[in-house]
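Novice: Structure in structure tokens, see below.
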Amino acid sequence: MKALGSRFSFYTGFVVGTFTLYVFLRQLWFERTVTEQQAIGFDKLHEHHLEGEKASWKKERSALFNLNHPHHTGEDSRMADELYKKVRILCWVMTGPSNLEKKARHVKATWSRHCNLVVFMSSVDDPDFPTVGLGTKEGRDQLYWKTIRAFHYAYEHHGHEADWFLKADDDTYVIVDNLRWVLANHTPDEPIYFGRRFKPYTKQGYMSGGAGYVLSKEALRRFVEGFKNKVCTHTTSVEDLAMGQCMEKVGVLAGDSRDTEHRETFHPFVPEQHLTTKFPKSFWYWSYCYYPISEGPNCCSDISVSFHYVDASHMYLLEYYTYHLRAFGYKYRYQPPEPLGYHMEPSSIWVSVEGKEQLVSQEKGQGEVKDPSRTDNKQEADPPPAADEGAPAAPSGK
């Protein structure tokens, strides 16, 4: 009887072990397959963007100049187009040789296309990508050196070609059109910069490095001059804090980038973390944020500007949510005020024609009446708001 029981236990253990091994190997195979399929998908996406790259970019002096303001055919983008021309933004992206394929190329294929010009800053030159070699080493302790040299490079080589100068990481997603709304009520001659405002260590606070921050042309000039006259130095490797200390010393104001309902536009984490995570009160985030924190959907403005810790797949997802996805039949509840000096007449209105409500185009040279009952007539939709992985252990720069 004992022998029978032992044999039964042996066979039971063998079956359970075999099944467990099968499940484990199947999971490994599944993860590998998904990874390979994702890589193939990225390659196809990248090839698609490369096809139009020559038509979209002009490569010059290791910078990419945007030849077209990208938007969908048939959209009423007049306000965005006007802001694109009048609020010129240079975006420089902090990256490194090992991140060009993993991260930077996805930034290049998505949100950076909405900048007026883009410069990828690395430790070494890569004329094919292209990147600017700053002559630094790689590593977190080099972040402020890279930032100092990158802003100097932008000022010396492109200072006359932009009005605002955005610094972003290669895992930051930026809705540049929303950034232009934030900046449009200010002039590049103001000594001011914007971002997600933190409060410790400096009187006026400083901007989170991971969420990105943007300097006016005057702020950039003062930053560069500050190093020339020794008012600013490399005081710490904590890039965002050191940047804030220098800004304060040279008289650059830390601006308020919140929307008119006091919701934040720059975000140091991915959207789902701001929307769904309940941060413990002991978490550094509570003591760092300059303005009161709202959790849940009110965490983030409908016209949010940036999110951090965004991986490659989420770059394309956020690009889709921002510029494609919308709910039919709604006029967006939050209508931010038009910037001062900018005004666009509505492109169409509803009028009564022979007792029937019809849509009349107000575009110049067009007087036709559109019948809304015709399903083959497209109606323009309002531009969608910005869409909505782990939290950092420390807030320094990332």
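Each chain in the structure tokens gets a letter, A, B and so on, in the order shown; residues start at 1 in every chain, and ligands are counted from 1 in the order they appear.
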Select from region 70-267 of chain A everything DSSP, run on the backbone, classes as helix (DSSP H, G or I), then give the selection as a ChimeraX atom specification.
Specialist: /A:78-86,97-109,111-114,140-158,176-183,217-228,239-249
Novice: I'd like the neighbourhood of Leu90 (chain A) as a PyMOL selection string, where a residue qualifies if any of its atoms comes within 7 Å (using only C-alpha atoms), though same-chain residues fewer than 3 positions away should be ignored.
Specialist: chain A and resi 115-118+162+164-166
Novice: Just checking: using only C-alpha atoms, which residue out of A:Gly226, A:Gly329, A:Pro336, A:Pro280 ends up closest to Thr260 (chain A)?
Specialist: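 Counting only C-alpha atoms, the residue closest to Thr260 (chain A) is A:Pro336.
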Novice: Using only C-alpha atoms, determine which residues lie at most 9 Å from Leu220 (chain A), disregarding the query and same-chain residues fewer than 5 positions distant; provide the list as a PyMOL selection string.
Specialist: chain A and resi 151-152+154-155+159+164-165+191+215+225
Novice: Tell me, as an MDAnalysis selection string, which residues lie within 10 Å of Pro200 (chain A), counting only C-alpha atoms; anything in the same chain fewer than 3 positions away does not count.
Specialist: chainID A and resid 197 203:206 241 287:290
Novice: For CA of Ser123 (chain A) and CA of Thr136 (chain A), quote the distance in Å rounded to one decimal.
Specialist: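 Separating CA of Ser123 (chain A) from CA of Thr136 (chain A) is a distance of 5.1 Å.
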Novice: Find the spatial neighbours of Phe120 (chain A), counting only C-alpha atoms, within a cut-off of 12 Å - ignore same-chain residues fewer than 2 positions away - and output them as a ChimeraX atom specification.
Specialist: /A:59,61-64,90-97,99-100,103-105,107-108,112,117-118,122-134,146-147,150-151,153-154,166-170
Novice: Which of region 235-339 of chain A counts as strand (DSSP E or B) under DSSP, as a ChimeraX atom specification please?
Specialist: /A:253-254,264,266,289,300,306-307
Novice: Mind dumping the selected residues with N, CA and C atoms as a PDB file, in the first residue's frame?
Specialist:
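Written file, out18.pdb:
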ATOM      1  N   LEU A 253      12.127  84.483 -14.428  1.00  0.00           N
ATOM      2  CA  LEU A 253      10.946  84.145 -13.648  1.00  0.00           C
ATOM      3  C   LEU A 253      10.491  82.713 -13.912  1.00  0.00           C
ATOM      4  N   ALA A 254      10.109  82.012 -12.855  1.00  0.00           N
ATOM      5  CA  ALA A 254       9.494  80.691 -12.981  1.00  0.00           C
ATOM      6  C   ALA A 254       8.010  80.892 -13.258  1.00  0.00           C
ATOM      7  N   GLU A 264      -2.700  71.314 -14.057  1.00  0.00           N
ATOM      8  CA  GLU A 264      -1.318  71.245 -14.537  1.00  0.00           C
ATOM      9  C   GLU A 264      -1.277  70.799 -15.999  1.00  0.00           C
ATOM     10  N   PHE A 266       2.209  70.298 -17.506  1.00  0.00           N
ATOM     11  CA  PHE A 266       3.438  69.499 -17.580  1.00  0.00           C
ATOM     12  C   PHE A 266       3.372  68.408 -16.515  1.00  0.00           C
ATOM     13  N   CYS A 289       5.752  69.384  -5.313  1.00  0.00           N
ATOM     14  CA  CYS A 289       4.930  70.167  -6.240  1.00  0.00           C
ATOM     15  C   CYS A 289       4.615  71.543  -5.659  1.00  0.00           C
ATOM     16  N   CYS A 300      -4.937  66.564 -14.652  1.00  0.00           N
ATOM     17  CA  CYS A 300      -4.267  66.984 -15.885  1.00  0.00           C
ATOM     18  C   CYS A 300      -5.191  67.844 -16.735  1.00  0.00           C
ATOM     19  N   SER A 306       2.929  67.807 -21.565  1.00  0.00           N
ATOM     20  CA  SER A 306       3.961  66.757 -21.576  1.00  0.00           C
ATOM     21  C   SER A 306       3.672  65.664 -20.560  1.00  0.00           C
ATOM     22  N   PHE A 307       4.229  64.478 -20.851  1.00  0.00           N
ATOM     23  CA  PHE A 307       4.231  63.341 -19.939  1.00  0.00           C
ATOM     24  C   PHE A 307       5.614  62.695 -19.993  1.00  0.00           C
TER      25      PHE A 307
END
Novice: Compile the contact shell of Ala312 (chain A) as a list in words: residues with an atom at most 8 Å away, counting only C-alpha atoms, same-chain residues fewer than 3 positions apart removed.
Specialist: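 So, after excluding close chain neighbours, the residues are Lys102, Lys103, His106, Asp171, Met315 and Tyr316 of chain A.
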Novice: Considering only C-alpha atoms, return as a ChimeraX atom specification whatever protein or nucleic-acid residues lie within 9 Å of Thr233 (chain A), sequence-local ones (same chain, fewer than 6 positions apart) excluded.
Specialist: /A:226-227,242,246
Novice: Would you save the residues from that selection as a short mmCIF file (atom, residue, chain, number, x, y, z; two decimals), in the first residue's frame, using N, CA, C and O atoms?
Specialist:
data_model
loop_
_atom_site.label_atom_id
_atom_site.label_comp_id
_atom_site.auth_asym_id
_atom_site.auth_seq_id
_atom_site.Cartn_x
_atom_site.Cartn_y
_atom_site.Cartn_z
N GLY A 226 25.11 84.10 -17.95
CA GLY A 226 25.38 83.75 -16.56
C GLY A 226 26.61 82.89 -16.39
O GLY A 226 27.33 83.00 -15.39
N PHE A 227 26.87 82.03 -17.36
CA PHE A 227 28.07 81.20 -17.30
C PHE A 227 29.30 81.96 -17.75
O PHE A 227 30.41 81.71 -17.27
N ALA A 242 19.75 72.48 -10.46
CA ALA A 242 20.84 73.39 -10.82
C ALA A 242 20.35 74.43 -11.84
O ALA A 242 20.72 75.61 -11.77
N CYS A 246 20.24 78.57 -11.26
CA CYS A 246 20.83 79.53 -12.21
C CYS A 246 19.79 80.51 -12.71
O CYS A 246 20.03 81.72 -12.77
#
